[in-house]
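Working notes, structure below.
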Amino acid sequence: MVEDGGEEEAEGESGEMPAAPAPLQRCNGFLPGKEAAGGGRAAPAGGGEQRPAPAAPEAEEMLAAGGVRPEARLQTRLSRRRLAVLAVFSCYSLVNAFQWIQYSILSNVFAGFYGVSFTQIDWLSMVYMVAYVPLILPATWLLDARGLRLTALLGAGLNALGAWLKCGSLAPQRYPLTLAAQAVCAVAQVFILGLPSRIASVWFGPTEVSTACAVAVLGNQLGTAIGFLLPPVLVPNTPNDIDLMAHNISIMFYGTAIVSTLLFFLAGVVFEEKPKYPPSHSQAVLQTKPPEDYSYKQSIINLFKNIPFILLLISYGIMTGAFYSVSTLLNQMIVTHYEGEEVNAGRIGLTLVVAGMVGSIICGLWLDYTKTYKQTTLIVYILSFIGLLVFTFTLDLGYLIVVFVTGGVLGFFMTGYLPLGFEFAVEITYPESEGTSSGLLNASAQIFGIIFTLVQGKLTTDYSPRAGNIFLCAWIFVGIILTALIKSDLRRHNVNSGIMNLDVKAVSGDS
């Protein structure tokens, strides 16, 4: 493996790459002896004396805790490896999402193949939600205690293992085996969904962190989109020829297993715990804190004492849970008003997901450019509410093209909200673990998703799709109010901007 130090680039606020001198004594993660005389002010490269901007209060507190004067400037580097890490993660997250949707999009095929009810096929998708809630705390503990590399390898490895177990279920009457295999993939998801914000924070600089998080989330969405398109092509319904059906399913299962195994090995090569040099001042400050000072239990307590985070936790669960519910019941809503349009219902679902992918990227780029976390989150929340209202009251007009358009708009804003919630949570909870805050957000989304799906499904069946959608609109309105109450305390951004002009070089923990 190439030494990471040979891949580093001097970018942004960083200066020349430090030479490789004789071993230096560590001092709380920083190279000693770099403070300039005269009150700690460093002479700028131009030669004249220049007063640095004062550090933000959060930065002073963090630096003081690490034993370093806030007059010192942290020097950062961006690693080229960060792009490979992001690409590999996005790809195996894609495969995991594909494995989630591959059964439900072919529910009639698999129900006939395994000789089970549609409810049992639905459980092959529901197991993803059910597994996440009880396992998220152990998974986030593992991420904090054992690190990013091990967690990433577990996610990729379990994803491949589940795919290979499915290859053993290629015969009727083997439904229990395929359910067990899907449960393994569901456990893999627990080690995947909480990583986007952690990867973005640990590997990417402050001007690209939100975009990186959006790209990481995008991989999961793209997997769902491919899951809508590819399985019906690979496995056409051949109820009179079970052998041909088994052959077609084997192509999908073995192909997925080979790809997921390749990605597991790539993750082993590409993933490292962190880059040699921190990509941002906020990460450099965190590296000054001794590992023994960290307590996972205390981190959880701190998060639940953080009122802005609790408000975000509930509002994120409402929005994302509503999206899960709409996606799950979309087919039922469409065919109620457009009988025999199952194919177009799938296409509308694809439109919703693809529009959401575009929304995620645009929202990530906008956050990196403006850093207006609360304002953007609130606006997207309001537009999602308006989009769901329009979708609800135009669904029964009799024009499918209108449903395509309103579904696309709804997906654009509701899915675009996902990276906003992750990044906003990291900002208001810094320096707590990004994986823990993201994991709790996802757990909230799964809980609300299960509740909303059950209630909306009951309302849709007993009354009409409009009744179920109005139920969601009422909850999203509550989410708007909760989002408006969140105090926008951008702790990570304040650290990154408040010590931008100070001058001490950070040493990575593995140096």
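For the structure tokens, the naming scheme is as follows: chains receive sequential letters (A, B, ...) according to their order of presentation, residues are indexed from 1 within each chain, and ligands are indexed from 1 in presentation order.
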
Would you give me, as JSON lines, each residue of segment 206-276 of chain A having an atom within 8 Å of an atom of segment 345-366 of chain A, along with its shortest atom pair and that distance in Å to one decimal, using only C-alpha atoms and sorting by chain and residue number?
```
{"residue": "A:Glu208", "atom": "CA", "partner": "A:Leu365", "partner_atom": "CA", "distance": 7.8}
{"residue": "A:Ser210", "atom": "CA", "partner": "A:Gly364", "partner_atom": "CA", "distance": 4.8}
{"residue": "A:Thr211", "atom": "CA", "partner": "A:Gly364", "partner_atom": "CA", "distance": 4.2}
{"residue": "A:Ala212", "atom": "CA", "partner": "A:Gly364", "partner_atom": "CA", "distance": 7.6}
{"residue": "A:Cys213", "atom": "CA", "partner": "A:Gly364", "partner_atom": "CA", "distance": 7.3}
{"residue": "A:Ala214", "atom": "CA", "partner": "A:Gly364", "partner_atom": "CA", "distance": 5.4}
{"residue": "A:Val215", "atom": "CA", "partner": "A:Ile361", "partner_atom": "CA", "distance": 6.6}
{"residue": "A:Val217", "atom": "CA", "partner": "A:Ser360", "partner_atom": "CA", "distance": 7.8}
{"residue": "A:Leu218", "atom": "CA", "partner": "A:Met357", "partner_atom": "CA", "distance": 5.7}
{"residue": "A:Gln221", "atom": "CA", "partner": "A:Met357", "partner_atom": "CA", "distance": 6.4}
{"residue": "A:Leu222", "atom": "CA", "partner": "A:Met357", "partner_atom": "CA", "distance": 7.2}
{"residue": "A:Thr224", "atom": "CA", "partner": "A:Val353", "partner_atom": "CA", "distance": 7.4}
{"residue": "A:Ala225", "atom": "CA", "partner": "A:Leu350", "partner_atom": "CA", "distance": 5.6}
{"residue": "A:Phe228", "atom": "CA", "partner": "A:Leu350", "partner_atom": "CA", "distance": 6.3}
{"residue": "A:Leu229", "atom": "CA", "partner": "A:Leu350", "partner_atom": "CA", "distance": 7.8}
```

Would you write out those residues with N, CA, C and O atoms, as a PDB file, in the first residue's frame?
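Output file again-v4.pdb is given in full below:
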```
ATOM      1  N   GLU A 208     -15.989  21.423   1.475  1.00  0.00           N
ATOM      2  CA  GLU A 208     -16.513  20.328   0.670  1.00  0.00           C
ATOM      3  C   GLU A 208     -17.210  19.264   1.507  1.00  0.00           C
ATOM      4  O   GLU A 208     -17.688  18.265   0.980  1.00  0.00           O
ATOM      5  N   SER A 210     -20.082  19.126   3.220  1.00  0.00           N
ATOM      6  CA  SER A 210     -21.510  18.884   2.991  1.00  0.00           C
ATOM      7  C   SER A 210     -21.761  18.200   1.656  1.00  0.00           C
ATOM      8  O   SER A 210     -22.624  17.328   1.549  1.00  0.00           O
ATOM      9  N   THR A 211     -21.003  18.582   0.642  1.00  0.00           N
ATOM     10  CA  THR A 211     -21.123  17.912  -0.652  1.00  0.00           C
ATOM     11  C   THR A 211     -20.697  16.463  -0.553  1.00  0.00           C
ATOM     12  O   THR A 211     -21.338  15.567  -1.126  1.00  0.00           O
ATOM     13  N   ALA A 212     -19.617  16.188   0.196  1.00  0.00           N
ATOM     14  CA  ALA A 212     -19.163  14.804   0.378  1.00  0.00           C
ATOM     15  C   ALA A 212     -20.229  13.979   1.083  1.00  0.00           C
ATOM     16  O   ALA A 212     -20.486  12.823   0.714  1.00  0.00           O
ATOM     17  N   CYS A 213     -20.863  14.546   2.092  1.00  0.00           N
ATOM     18  CA  CYS A 213     -21.935  13.840   2.805  1.00  0.00           C
ATOM     19  C   CYS A 213     -23.100  13.552   1.856  1.00  0.00           C
ATOM     20  O   CYS A 213     -23.664  12.453   1.865  1.00  0.00           O
ATOM     21  N   ALA A 214     -23.427  14.523   1.009  1.00  0.00           N
ATOM     22  CA  ALA A 214     -24.523  14.327   0.054  1.00  0.00           C
ATOM     23  C   ALA A 214     -24.193  13.225  -0.944  1.00  0.00           C
ATOM     24  O   ALA A 214     -25.050  12.409  -1.291  1.00  0.00           O
ATOM     25  N   VAL A 215     -22.942  13.166  -1.408  1.00  0.00           N
ATOM     26  CA  VAL A 215     -22.536  12.113  -2.344  1.00  0.00           C
ATOM     27  C   VAL A 215     -22.604  10.741  -1.674  1.00  0.00           C
ATOM     28  O   VAL A 215     -23.025   9.753  -2.281  1.00  0.00           O
ATOM     29  N   VAL A 217     -24.609   9.868   0.775  1.00  0.00           N
ATOM     30  CA  VAL A 217     -26.032   9.530   0.860  1.00  0.00           C
ATOM     31  C   VAL A 217     -26.570   9.153  -0.516  1.00  0.00           C
ATOM     32  O   VAL A 217     -27.427   8.269  -0.655  1.00  0.00           O
ATOM     33  N   LEU A 218     -26.034   9.791  -1.548  1.00  0.00           N
ATOM     34  CA  LEU A 218     -26.480   9.560  -2.917  1.00  0.00           C
ATOM     35  C   LEU A 218     -26.306   8.102  -3.334  1.00  0.00           C
ATOM     36  O   LEU A 218     -27.133   7.551  -4.062  1.00  0.00           O
ATOM     37  N   GLN A 221     -29.292   6.104  -2.361  1.00  0.00           N
ATOM     38  CA  GLN A 221     -30.444   6.450  -3.191  1.00  0.00           C
ATOM     39  C   GLN A 221     -30.309   5.861  -4.593  1.00  0.00           C
ATOM     40  O   GLN A 221     -31.283   5.369  -5.177  1.00  0.00           O
ATOM     41  N   LEU A 222     -29.091   5.904  -5.136  1.00  0.00           N
ATOM     42  CA  LEU A 222     -28.861   5.345  -6.466  1.00  0.00           C
ATOM     43  C   LEU A 222     -29.102   3.834  -6.472  1.00  0.00           C
ATOM     44  O   LEU A 222     -29.628   3.279  -7.449  1.00  0.00           O
ATOM     45  N   THR A 224     -31.297   2.289  -4.643  1.00  0.00           N
ATOM     46  CA  THR A 224     -32.747   2.117  -4.691  1.00  0.00           C
ATOM     47  C   THR A 224     -33.272   2.326  -6.106  1.00  0.00           C
ATOM     48  O   THR A 224     -34.143   1.575  -6.582  1.00  0.00           O
ATOM     49  N   ALA A 225     -32.740   3.341  -6.794  1.00  0.00           N
ATOM     50  CA  ALA A 225     -33.169   3.611  -8.173  1.00  0.00           C
ATOM     51  C   ALA A 225     -32.850   2.430  -9.089  1.00  0.00           C
ATOM     52  O   ALA A 225     -33.686   1.999  -9.891  1.00  0.00           O
ATOM     53  N   PHE A 228     -35.198  -0.374  -8.628  1.00  0.00           N
ATOM     54  CA  PHE A 228     -36.472  -0.248  -9.329  1.00  0.00           C
ATOM     55  C   PHE A 228     -36.357  -0.712 -10.782  1.00  0.00           C
ATOM     56  O   PHE A 228     -37.297  -1.265 -11.343  1.00  0.00           O
ATOM     57  N   LEU A 229     -35.183  -0.489 -11.391  1.00  0.00           N
ATOM     58  CA  LEU A 229     -35.018  -0.730 -12.822  1.00  0.00           C
ATOM     59  C   LEU A 229     -34.537  -2.129 -13.176  1.00  0.00           C
ATOM     60  O   LEU A 229     -35.099  -2.791 -14.050  1.00  0.00           O
TER      61      LEU A 229
END
```

For this session: Identify, on the basis of only C-alpha atoms, every residue whose closest approach to segment 116-122 of chain A does not exceed 7 Å; exclude the query and any residue fewer than 3 positions from it along the same chain; express the result as a PyMOL selection string.
Result: chain A and resi 103-104+107+111-112+125-126

List every residue of segment 59-145 of chain A that has an atom at most 9 Å from any atom of segment 244-266 of chain A, and for each one report the closest atom pair and its distance in Å to one decimal, counting only C-alpha atoms, with rows sorted by chain and then by increasing residue number, as a tab-separated table.
```
residue	atom	partner	partner_atom	distance
A:Val88	CA	A:Leu263	CA	6.8
A:Phe89	CA	A:Leu263	CA	8.5
A:Cys91	CA	A:Leu263	CA	7.4
A:Tyr92	CA	A:Leu263	CA	6.1
A:Val95	CA	A:Ser260	CA	6.7
A:Asn96	CA	A:Ser260	CA	8.5
A:Phe98	CA	A:Thr256	CA	8.8
A:Gln99	CA	A:Thr256	CA	8.1
A:Val109	CA	A:Met245	CA	8.4
A:Phe113	CA	A:Met245	CA	7.6
```

Exercise. Could you state the separation of atom CA of Arg81 of chain A and atom CA of Ser280 of chain A in Å, given to one decimal place?
Worked result: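 Going from atom CA of Arg81 of chain A over to atom CA of Ser280 of chain A covers 15.4 Å.
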
Problem set entry | segment 327-337 of chain A surroundings by only C-alpha atoms, 8 Å radius, close-in-sequence under 4 positions cut, as a PyMOL selection string | chain A and resi 323+341-342+345-346+349+395-396+398+453+457+460+465

Requested write-out: all heavy atoms of the selected residues, as a short mmCIF file (atom, residue, chain, number, x, y, z; two decimals), in the first residue's frame:
```cif
data_model
loop_
_atom_site.label_atom_id
_atom_site.label_comp_id
_atom_site.auth_asym_id
_atom_site.auth_seq_id
_atom_site.Cartn_x
_atom_site.Cartn_y
_atom_site.Cartn_z
N PHE A 323 -41.25 10.13 4.18
CA PHE A 323 -40.74 9.72 2.86
C PHE A 323 -40.77 8.20 2.72
O PHE A 323 -41.14 7.67 1.66
CB PHE A 323 -39.32 10.26 2.68
CG PHE A 323 -38.68 9.80 1.40
CD1 PHE A 323 -39.05 10.34 0.19
CD2 PHE A 323 -37.68 8.83 1.41
CE1 PHE A 323 -38.47 9.91 -1.01
CE2 PHE A 323 -37.09 8.41 0.24
CZ PHE A 323 -37.49 8.95 -0.97
N GLU A 341 -52.08 0.35 -13.75
CA GLU A 341 -50.88 1.15 -14.06
C GLU A 341 -49.73 0.81 -13.12
O GLU A 341 -48.99 1.69 -12.67
CB GLU A 341 -51.20 2.64 -13.96
CG GLU A 341 -52.19 3.14 -15.01
CD GLU A 341 -51.58 3.19 -16.41
OE1 GLU A 341 -50.35 2.95 -16.54
OE2 GLU A 341 -52.33 3.45 -17.36
N GLU A 342 -49.54 -0.49 -12.84
CA GLU A 342 -48.46 -0.91 -11.94
C GLU A 342 -47.08 -0.51 -12.48
O GLU A 342 -46.19 -0.12 -11.74
CB GLU A 342 -48.52 -2.42 -11.70
CG GLU A 342 -49.69 -2.89 -10.86
CD GLU A 342 -50.95 -3.11 -11.69
OE1 GLU A 342 -50.89 -2.89 -12.92
OE2 GLU A 342 -51.97 -3.50 -11.11
N ALA A 345 -46.54 3.04 -11.94
CA ALA A 345 -46.32 3.29 -10.51
C ALA A 345 -44.85 3.10 -10.17
O ALA A 345 -44.25 3.89 -9.42
CB ALA A 345 -47.19 2.36 -9.68
N GLY A 346 -44.23 2.05 -10.74
CA GLY A 346 -42.80 1.85 -10.54
C GLY A 346 -41.97 2.98 -11.13
O GLY A 346 -40.97 3.41 -10.55
N GLY A 349 -42.14 5.92 -8.88
CA GLY A 349 -41.21 5.72 -7.77
C GLY A 349 -39.78 5.99 -8.17
O GLY A 349 -39.01 6.61 -7.42
N LEU A 395 -53.58 13.97 -7.01
CA LEU A 395 -53.40 12.55 -7.30
C LEU A 395 -54.58 11.95 -8.06
O LEU A 395 -54.41 11.06 -8.90
CB LEU A 395 -53.17 11.79 -5.99
CG LEU A 395 -52.87 10.29 -6.07
CD1 LEU A 395 -51.59 10.06 -6.86
CD2 LEU A 395 -52.75 9.69 -4.68
N ASP A 396 -55.78 12.44 -7.78
CA ASP A 396 -56.98 11.84 -8.36
C ASP A 396 -57.53 12.63 -9.55
O ASP A 396 -58.70 12.45 -9.93
CB ASP A 396 -58.07 11.69 -7.30
CG ASP A 396 -58.44 13.02 -6.66
OD1 ASP A 396 -57.75 14.03 -6.94
OD2 ASP A 396 -59.40 13.06 -5.86
N GLY A 398 -56.71 12.30 -12.64
CA GLY A 398 -56.83 11.45 -13.83
C GLY A 398 -55.72 11.64 -14.84
O GLY A 398 -55.77 11.08 -15.94
N THR A 453 -46.06 4.22 8.14
CA THR A 453 -46.47 3.26 7.12
C THR A 453 -47.70 2.47 7.57
O THR A 453 -48.65 2.27 6.79
CB THR A 453 -45.32 2.28 6.81
OG1 THR A 453 -44.18 3.02 6.34
CG2 THR A 453 -45.74 1.28 5.73
N GLY A 457 -51.14 3.33 5.80
CA GLY A 457 -51.68 2.19 5.07
C GLY A 457 -53.11 1.88 5.50
O GLY A 457 -53.97 1.57 4.68
N THR A 460 -55.38 4.62 4.14
CA THR A 460 -55.53 4.48 2.69
C THR A 460 -56.49 3.34 2.35
O THR A 460 -57.32 3.45 1.45
CB THR A 460 -54.16 4.22 2.04
OG1 THR A 460 -53.29 5.33 2.32
CG2 THR A 460 -54.29 4.05 0.53
N PRO A 465 -56.45 7.27 -0.38
CA PRO A 465 -55.07 7.77 -0.32
C PRO A 465 -54.98 9.21 0.19
O PRO A 465 -54.01 9.58 0.85
CB PRO A 465 -54.60 7.67 -1.78
CG PRO A 465 -55.42 6.57 -2.36
CD PRO A 465 -56.77 6.69 -1.69
#
```

For this session: Determine, counting only C-alpha atoms, which protein, DNA and RNA residues have an atom within 10 Å of an atom of Val130 of chain A; residues of the same chain fewer than 5 positions away are not included. Present the result as a list in words.
Result: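 The contact residues come out as Trp123, Ser125, Leu135, Ala183, Ala186, Val187, Ala443, Gln446, Ile447 and Ile450 of chain A.
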
Deliver the residues from the most recent selection as a file, using N, CA and C atoms, as a CSV table (one decimal), in the first residue's frame.
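And here is the file that came out, selection-v3.csv:
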```csv
chain,number,residue,atom,x,y,z
A,123,TRP,N,-42.0,-8.7,4.4
A,123,TRP,CA,-41.0,-8.7,5.5
A,123,TRP,C,-39.6,-8.8,5.1
A,125,SER,N,-38.4,-6.7,3.1
A,125,SER,CA,-38.0,-5.3,3.1
A,125,SER,C,-38.1,-4.7,4.5
A,135,LEU,N,-30.2,-2.3,16.9
A,135,LEU,CA,-28.7,-2.4,16.7
A,135,LEU,C,-28.0,-1.1,16.6
A,183,ALA,N,-31.7,-10.7,6.4
A,183,ALA,CA,-31.5,-10.2,7.8
A,183,ALA,C,-30.0,-9.8,7.9
A,186,ALA,N,-29.5,-6.6,6.3
A,186,ALA,CA,-30.1,-5.6,7.2
A,186,ALA,C,-29.2,-5.2,8.3
A,187,VAL,N,-28.5,-6.1,8.9
A,187,VAL,CA,-27.4,-5.8,9.9
A,187,VAL,C,-26.3,-5.0,9.2
A,443,ALA,N,-32.2,6.1,13.4
A,443,ALA,CA,-33.1,5.3,14.2
A,443,ALA,C,-34.5,6.0,14.4
A,446,GLN,N,-36.4,5.4,11.2
A,446,GLN,CA,-37.0,4.1,11.1
A,446,GLN,C,-38.2,3.9,11.9
A,447,ILE,N,-38.2,4.5,13.2
A,447,ILE,CA,-39.3,4.3,14.1
A,447,ILE,C,-40.5,5.1,13.5
A,450,ILE,N,-41.9,3.2,10.4
A,450,ILE,CA,-42.8,2.0,10.7
A,450,ILE,C,-44.2,2.5,11.1
```

For this session: Please provide the set of residues having any atom within 8 Å of Gly421 of chain A, restricted to only C-alpha atoms, with same-chain residues fewer than 4 positions apart removed, written as number ranges by chain.
Result: A: 312, 316, 377, 417, 425

Exercise. Skipping near chain neighbours, those fewer than 3 positions away, what residues fall within 9 Å of Leu137 of chain A using only C-alpha atoms, listed as a list in words?
Worked result: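 The neighbour list is Val133, Pro134, Thr140, Trp141, Leu142, Thr436, Gly439 and Leu440 of chain A.
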
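Closest approach to Leu165 of chain A among A:Cys185, A:Leu313, A:Val380, A:Val343: A:Cys185, based on only C-alpha atoms.
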